[in-house]
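The structure file protein_25.txt is reproduced below (compact mmCIF, C-alpha atoms).
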```
# COMPACT_ATOMS: atom_id res chain seq x y z
CA MET A 426 68.24 56.08 29.69
CA ASN A 427 65.28 54.53 27.87
CA MET A 428 66.16 52.31 25.01
CA GLU A 429 63.74 51.38 22.31
CA LYS A 430 63.29 47.71 21.74
CA ASN A 431 63.44 46.60 18.18
CA GLU A 432 60.90 43.90 17.52
CA LEU A 433 61.74 41.29 14.98
CA LYS A 434 58.68 40.20 13.01
CA LEU A 435 58.84 36.94 11.17
CA LYS A 436 56.83 36.47 8.03
CA PRO A 437 54.82 33.26 7.89
CA ALA A 438 56.22 30.72 5.52
CA ASN A 439 54.45 30.42 2.20
CA ARG A 440 53.60 26.76 2.55
CA MET A 441 51.38 26.61 -0.49
CA GLY A 442 54.12 28.07 -2.62
CA THR A 443 56.57 25.53 -1.26
CA LEU A 444 54.14 22.70 -1.96
CA PHE A 445 53.66 23.81 -5.56
CA LYS A 446 57.42 24.04 -6.02
CA ARG A 447 57.82 20.47 -4.76
CA ILE A 448 55.09 19.24 -7.08
CA ALA A 449 56.69 21.05 -10.01
CA THR A 450 60.04 19.47 -9.15
CA LEU A 451 58.42 16.05 -8.93
CA PHE A 452 57.10 16.31 -12.49
CA ALA A 453 60.09 18.15 -13.96
CA ASP A 454 61.62 14.99 -15.35
CA LYS A 455 59.71 14.32 -18.59
CA LYS A 456 60.78 10.67 -18.67
CA LYS A 457 59.23 9.92 -15.29
CA ARG A 458 56.40 12.48 -15.39
CA TYR A 459 53.64 10.15 -16.65
CA LEU A 460 54.71 7.30 -14.40
CA ARG A 461 54.59 9.52 -11.33
CA LEU A 462 51.26 11.00 -12.44
CA LEU A 463 49.83 7.51 -12.83
CA LEU A 464 51.04 6.53 -9.36
CA CYS A 465 49.38 9.62 -7.91
CA ILE A 466 45.96 9.07 -9.48
CA LEU A 467 45.93 5.24 -9.29
CA PRO A 468 44.54 5.12 -5.69
CA PHE A 469 41.68 7.42 -6.74
CA ILE A 470 40.88 5.24 -9.76
CA ILE A 471 40.80 2.13 -7.57
CA ALA A 472 38.60 3.84 -4.97
CA ILE A 473 36.15 5.05 -7.63
CA GLY A 474 36.01 1.58 -9.15
CA VAL A 475 35.31 -0.13 -5.81
CA LEU A 476 32.64 2.40 -4.80
CA GLY A 477 31.08 2.18 -8.25
CA PHE A 478 30.88 -1.62 -8.06
CA ILE A 479 29.29 -1.48 -4.59
CA ALA A 480 26.75 1.11 -5.72
CA PHE A 481 25.93 -0.92 -8.84
CA LYS A 482 25.46 -4.14 -6.85
CA GLU A 483 23.26 -2.50 -4.22
CA GLY A 484 21.22 -0.71 -6.88
CA LYS A 485 20.73 -3.96 -8.80
CA ASP A 486 19.60 -5.79 -5.65
CA LEU A 487 17.18 -3.01 -4.73
CA LEU A 488 15.74 -2.90 -8.24
CA SER A 489 15.18 -6.65 -8.12
CA LEU A 490 13.43 -6.24 -4.80
CA ALA A 491 11.22 -3.47 -6.17
CA LYS A 492 10.22 -5.60 -9.13
CA GLY A 493 9.54 -8.60 -6.93
CA SER A 494 12.19 -10.79 -8.55
CA THR A 495 14.57 -11.66 -5.70
CA GLU A 496 15.51 -15.29 -5.16
CA THR A 497 14.23 -17.05 -2.05
CA LYS A 498 13.63 -20.51 -0.61
CA GLU A 499 11.21 -22.81 -2.40
CA GLU A 500 9.04 -23.33 0.67
CA ASN A 501 8.46 -19.59 0.80
CA VAL A 502 7.03 -19.37 -2.72
CA ILE A 503 3.53 -19.81 -4.13
CA SER A 504 4.73 -20.43 -7.67
CA SER A 505 1.29 -20.57 -9.30
CA MET A 506 0.64 -16.98 -8.26
CA ASN A 507 4.21 -15.69 -7.99
CA TYR A 508 3.92 -14.74 -4.32
CA VAL A 509 7.14 -14.77 -2.30
CA LEU A 510 7.84 -14.53 1.43
CA ARG A 511 10.93 -12.53 2.37
CA ASP A 512 13.74 -14.53 3.97
CA ASN A 513 13.73 -12.45 7.19
CA ALA A 514 9.96 -12.54 7.64
CA THR A 515 8.39 -11.88 11.03
CA ASP A 516 6.39 -14.59 12.79
CA LEU A 517 3.13 -12.98 11.67
CA GLN A 518 4.31 -12.77 8.06
CA LYS A 519 5.23 -16.46 8.12
CA GLU A 520 1.86 -17.38 9.62
CA LEU A 521 -0.17 -15.38 7.10
CA PHE A 522 1.88 -16.59 4.14
CA ALA A 523 1.41 -20.20 5.25
CA LYS A 524 -2.37 -19.60 5.36
CA LEU A 525 -2.32 -18.11 1.87
CA LYS A 526 -0.20 -20.97 0.53
CA ALA A 527 -2.58 -23.54 2.02
CA ALA A 528 -5.63 -21.69 0.68
CA VAL A 529 -4.19 -21.68 -2.85
CA GLU A 530 -2.46 -25.06 -3.03
CA THR A 531 -4.36 -27.30 -0.59
CA ASP A 532 -7.72 -25.98 0.54
CA ASP A 533 -8.99 -24.78 -2.84
CA ALA A 534 -10.41 -21.76 -1.04
CA ASP A 535 -12.93 -19.45 -2.68
CA ASP A 536 -11.77 -16.23 -4.34
CA ALA A 537 -13.00 -13.92 -1.57
CA GLU A 538 -10.92 -15.83 0.99
CA ILE A 539 -7.79 -15.58 -1.16
CA ALA A 540 -8.38 -11.84 -1.73
CA LYS A 541 -8.65 -11.40 2.04
CA LEU A 542 -5.39 -13.28 2.69
CA VAL A 543 -3.59 -11.30 -0.02
CA CYS A 544 -4.48 -8.06 1.78
CA GLN A 545 -3.41 -9.45 5.14
CA ASN A 546 -0.04 -10.50 3.73
CA TYR A 547 0.42 -7.12 2.08
CA ILE A 548 -0.27 -5.23 5.31
CA ALA A 549 1.97 -7.46 7.43
CA ASP A 550 4.91 -6.77 5.09
CA PHE A 551 4.32 -3.20 3.89
CA TYR A 552 3.60 -1.68 7.32
CA THR A 553 6.40 -3.52 9.10
CA TRP A 554 9.76 -1.75 9.33
CA SER A 555 11.55 -3.97 11.84
CA ASN A 556 12.90 -6.33 9.14
CA LYS A 557 13.65 -3.73 6.46
CA GLN A 558 17.12 -2.58 5.40
CA GLY A 559 16.27 1.04 4.65
CA GLN A 560 14.21 3.46 2.57
CA TYR A 561 14.50 1.37 -0.58
CA ASP A 562 13.38 -1.92 0.99
CA VAL A 563 9.62 -1.59 0.43
CA GLY A 564 7.46 -4.51 1.53
CA GLY A 565 4.37 -6.10 0.03
CA LEU A 566 5.11 -5.41 -3.65
CA TYR A 567 4.37 -9.00 -4.72
CA TYR A 568 0.69 -8.37 -4.02
CA VAL A 569 0.40 -5.16 -6.04
CA TYR A 570 -1.07 -5.01 -9.56
CA GLU A 571 2.06 -5.50 -11.67
CA PRO A 572 1.72 -2.51 -14.06
CA GLN A 573 1.40 -0.24 -11.00
CA ARG A 574 4.20 -1.85 -9.01
CA SER A 575 6.97 0.56 -10.01
CA ALA A 576 4.81 3.62 -9.26
CA VAL A 577 3.73 2.17 -5.89
CA TYR A 578 7.36 1.47 -5.03
CA GLN A 579 8.43 5.05 -5.80
CA GLN A 580 5.47 6.50 -3.93
CA ALA A 581 6.20 4.39 -0.85
CA ARG A 582 9.93 5.12 -1.00
CA ASP A 583 9.29 8.87 -1.05
CA GLY A 584 6.34 8.68 1.36
CA PHE A 585 5.80 6.09 4.08
CA TYR A 586 9.40 4.80 3.84
CA LYS A 587 11.05 8.21 3.32
CA TYR A 588 12.75 8.51 6.73
CA LEU A 589 13.19 4.80 7.42
CA SER A 590 16.98 4.82 7.00
CA THR A 591 17.20 7.69 9.49
CA TYR A 592 14.92 5.89 11.96
CA ILE A 593 17.02 2.73 11.70
CA ASN A 594 20.17 4.68 12.56
CA GLN A 595 18.44 6.57 15.36
CA TYR A 596 16.34 3.85 17.02
CA GLY A 597 17.55 0.55 15.59
CA ALA A 598 15.45 -1.55 13.19
CA ASN A 599 14.24 -3.89 15.96
CA ASN A 600 12.55 -0.97 17.70
CA LEU A 601 10.55 0.21 14.69
CA LEU A 602 7.03 -0.60 13.46
CA GLU A 603 6.04 -4.26 13.37
CA VAL A 604 2.50 -5.38 12.55
CA GLU A 605 1.28 -7.71 15.28
CA ASN A 606 -2.21 -8.64 14.05
CA VAL A 607 -4.41 -8.04 10.98
CA GLU A 608 -8.21 -8.33 11.11
CA ILE A 609 -10.63 -8.31 8.18
CA SER A 610 -13.86 -6.41 8.85
CA GLU A 611 -15.20 -6.85 5.31
CA ALA A 612 -14.31 -9.01 2.30
CA LYS A 613 -16.85 -9.27 -0.49
CA LYS A 614 -17.03 -9.61 -4.24
CA ASN A 615 -18.43 -6.74 -6.27
CA ALA A 616 -21.37 -8.65 -7.67
CA ALA A 617 -22.85 -6.07 -10.04
CA GLY A 618 -20.68 -6.33 -13.15
CA TYR A 619 -16.95 -6.20 -13.76
CA TYR A 620 -14.24 -3.77 -12.71
CA ILE A 621 -12.66 -2.06 -15.72
CA LEU A 622 -8.92 -1.44 -15.59
CA ASP A 623 -6.68 -0.63 -18.55
CA GLY A 624 -9.52 -1.56 -20.88
CA MET A 625 -9.92 -5.04 -19.38
CA ALA A 626 -12.75 -6.42 -17.24
CA TYR A 627 -11.96 -8.17 -13.93
CA ASP A 628 -13.79 -9.76 -11.04
CA SER A 629 -13.07 -7.49 -8.07
CA TYR A 630 -13.26 -7.63 -4.28
CA ASN A 631 -13.58 -4.98 -1.59
CA VAL A 632 -11.55 -5.77 1.51
CA THR A 633 -11.42 -3.63 4.66
CA CYS A 634 -8.58 -4.31 7.10
CA THR A 635 -7.58 -3.10 10.55
CA TRP A 636 -4.32 -3.93 12.27
CA THR A 637 -2.25 -3.36 15.38
CA TYR A 638 1.47 -2.84 15.95
CA LYS A 639 3.63 -4.38 18.62
CA GLU A 640 3.96 -2.09 21.61
CA ASN A 641 7.22 -0.17 21.63
CA GLU A 642 8.21 2.62 24.02
CA LYS A 643 11.16 3.77 21.90
CA PHE A 644 9.14 4.28 18.72
CA PRO A 645 5.40 4.91 19.32
CA SER A 646 3.05 3.72 16.57
CA ARG A 647 -0.09 5.69 17.44
CA THR A 648 0.39 8.21 14.61
CA TYR A 649 0.63 5.57 11.87
CA ALA A 650 -2.15 4.04 9.76
CA ASN A 651 -4.07 1.10 11.21
CA LYS A 652 -7.04 0.81 8.85
CA MET A 653 -7.28 0.62 5.06
CA ASN A 654 -9.75 -0.23 2.30
CA PHE A 655 -8.45 -2.30 -0.61
CA LEU A 656 -9.67 -3.17 -4.07
CA VAL A 657 -8.40 -6.54 -5.26
CA ILE A 658 -8.82 -7.93 -8.77
CA LYS A 659 -8.51 -11.47 -10.06
CA ASN A 660 -5.97 -11.08 -12.85
CA GLY A 661 -5.73 -14.48 -14.49
CA ASN A 662 -4.62 -16.78 -11.69
CA ARG A 663 -3.30 -13.93 -9.51
CA PHE A 664 -5.07 -11.73 -7.01
CA GLU A 665 -3.61 -8.22 -7.08
CA ILE A 666 -4.26 -5.02 -5.16
CA THR A 667 -5.09 -2.11 -7.46
CA GLU A 668 -6.27 0.51 -4.96
CA ALA A 669 -5.75 1.29 -1.28
CA SER A 670 -7.44 4.13 0.57
CA GLU A 671 -8.42 5.14 4.07
CA LYS A 672 -11.77 6.20 2.57
CA PRO A 673 -14.30 3.78 1.02
CA ILE A 674 -13.38 2.92 -2.57
CA THR A 675 -15.88 3.68 -5.31
CA ILE A 676 -15.28 1.58 -8.40
CA ILE A 677 -16.37 1.71 -12.01
CA ILE A 678 -18.24 -1.43 -12.96
CA GLN A 679 -19.62 -2.61 -16.27
CA GLU A 680 -21.91 -5.43 -17.26
CA GLU A 681 -20.25 -8.09 -19.39
CA THR A 682 -21.13 -7.61 -23.06
CA GLN A 683 -20.46 -9.67 -26.12
CA GLU A 684 -19.54 -7.96 -29.34
CA VAL A 685 -21.17 -9.39 -32.46
CA ASP A 686 -19.32 -9.18 -35.73
CA GLU A 687 -21.35 -7.13 -38.22
CA ASN A 688 -20.75 -9.65 -41.01
CA GLU A 689 -22.08 -12.46 -38.83
CA ALA A 690 -25.12 -10.36 -37.91
CA GLN A 691 -25.96 -9.95 -41.57
```
I'd like the structure from this file rewritten - as structure tokens, please.
Amino acid sequence: MNMEKNELKLKPANRMGTLFKRIATLFADKKKRYLRLLLCILPFIIAIGVLGFIAFKEGKDLLSLAKGSTETKEENVISSMNYVLRDNATDLQKELFAKLKAAVETDDADDAEIAKLVCQNYIADFYTWSNKQGQYDVGGLYYVYEPQRSAVYQQARDGFYKYLSTYINQYGANNLLEVENVEISEAKKNAAGYYILDGMAYDSYNVTCTWTYKENEKFPSRTYANKMNFLVIKNGNRFEITEASEKPITIIIQEETQEVDENEAQ
């Protein structure tokens, strides 16, 4: 005789419903409801506060770096021109900064020589990634024309430095780009008149630079820039880069004129 087997099917437990019931029971007592609620959300408040403080501190440090206002050792500062060498500078960066410091403070070098050294220092820092912390650690900003500094920082952060944080995680900072040598093929003053910028007239200098990177099998450098034309102005006692281009830079120049007051002319 064939007998039918009765299968017993178990319904899955409604775990979510059980969880809600437990939560409701936990807060049923009105006297202890707010205390228990506070204990539940307190860890989240603490976590948000800690993360917020860390984000604020890092953002403040990065903003200071972008503005060129970080603190550093006295021997790494050219105070008369507000140039600063980063604390973790490469050997080349230290060498070029020492030459610039000597040219300004000891040798009384001519303006064309200082303009040349400013460009060399800029290149050695800006195009080196091996001593950078990430996308927001943009080098060379001390040598940029101050009113343009914020725009240059943002452009570099979203351009040349855009994937730096990813590259650091993937290859390690030590294996990334590091400028090994910077040569100047041209450095001359624009003799015919004055360069006009923001309504002001400046002495200006054209500087053409070429550079090489340290050889690295893990992160090839052949696709990255190695030549640039710069326009440097003498802004008071500072020499600042106002333009950088792979193509020759055409500037607007104007002869120096003296305005005569109409009353005095009469």
Answer as number ranges by chain, residues within 12 Å of (16.2, 0.5, 4.3) using all atoms listed in the file:
A: 483, 487, 490, 553-564, 581-582, 585-594, 597-598, 601
Which residue out of A:Gln595, A:Thr635, A:Asn507, A:Gln573 has the minimum interatomic distance to Ile548 (chain A) when only C-alpha atoms are used?
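Looking at the shortest contact to Ile548 (chain A), the residue is A:Thr635.
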Which distance in Å separates CA of Ala617 (chain A) and CA of Ile678 (chain A), to one decimal?
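Calculated distance between CA of Ala617 (chain A) and CA of Ile678 (chain A) is 7.2 Å.
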I want to know what sits within 12 Å of Ala540 (chain A), based on only C-alpha atoms, with residues of the same chain fewer than 3 positions away left out; could you give that as a count of residues only?
38
Smallest atom-to-atom distance to Met653 (chain A): which of A:Ile503, A:Ile677, A:Ala669, A:Ala514, using only C-alpha atoms?
A:Ala669
Of the candidates A:Ile621, A:Ile470, A:Val509, A:Val604, which shows the shortest atom-to-atom distance to Gly565 (chain A), using only C-alpha atoms?
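Closest to Gly565 (chain A), using only C-alpha atoms: A:Val509.
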With distances taken over all atoms listed in the file, which of A:Tyr567, A:Tyr596, A:Tyr619, A:Phe551 is nearest to Asn651 (chain A)?
A:Phe551
For CA of Asn599 (chain A) and CA of Glu640 (chain A), the interatomic separation in Å (one decimal)
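If I compute the distance from CA of Asn599 (chain A) to CA of Glu640 (chain A), I get 11.9 Å.
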Rounded to one decimal, what separation in Å do you get between CA of Asn641 (chain A) and CA of Asn513 (chain A)?
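Result for CA of Asn641 (chain A) versus CA of Asn513 (chain A): 20.0 Å, one decimal.
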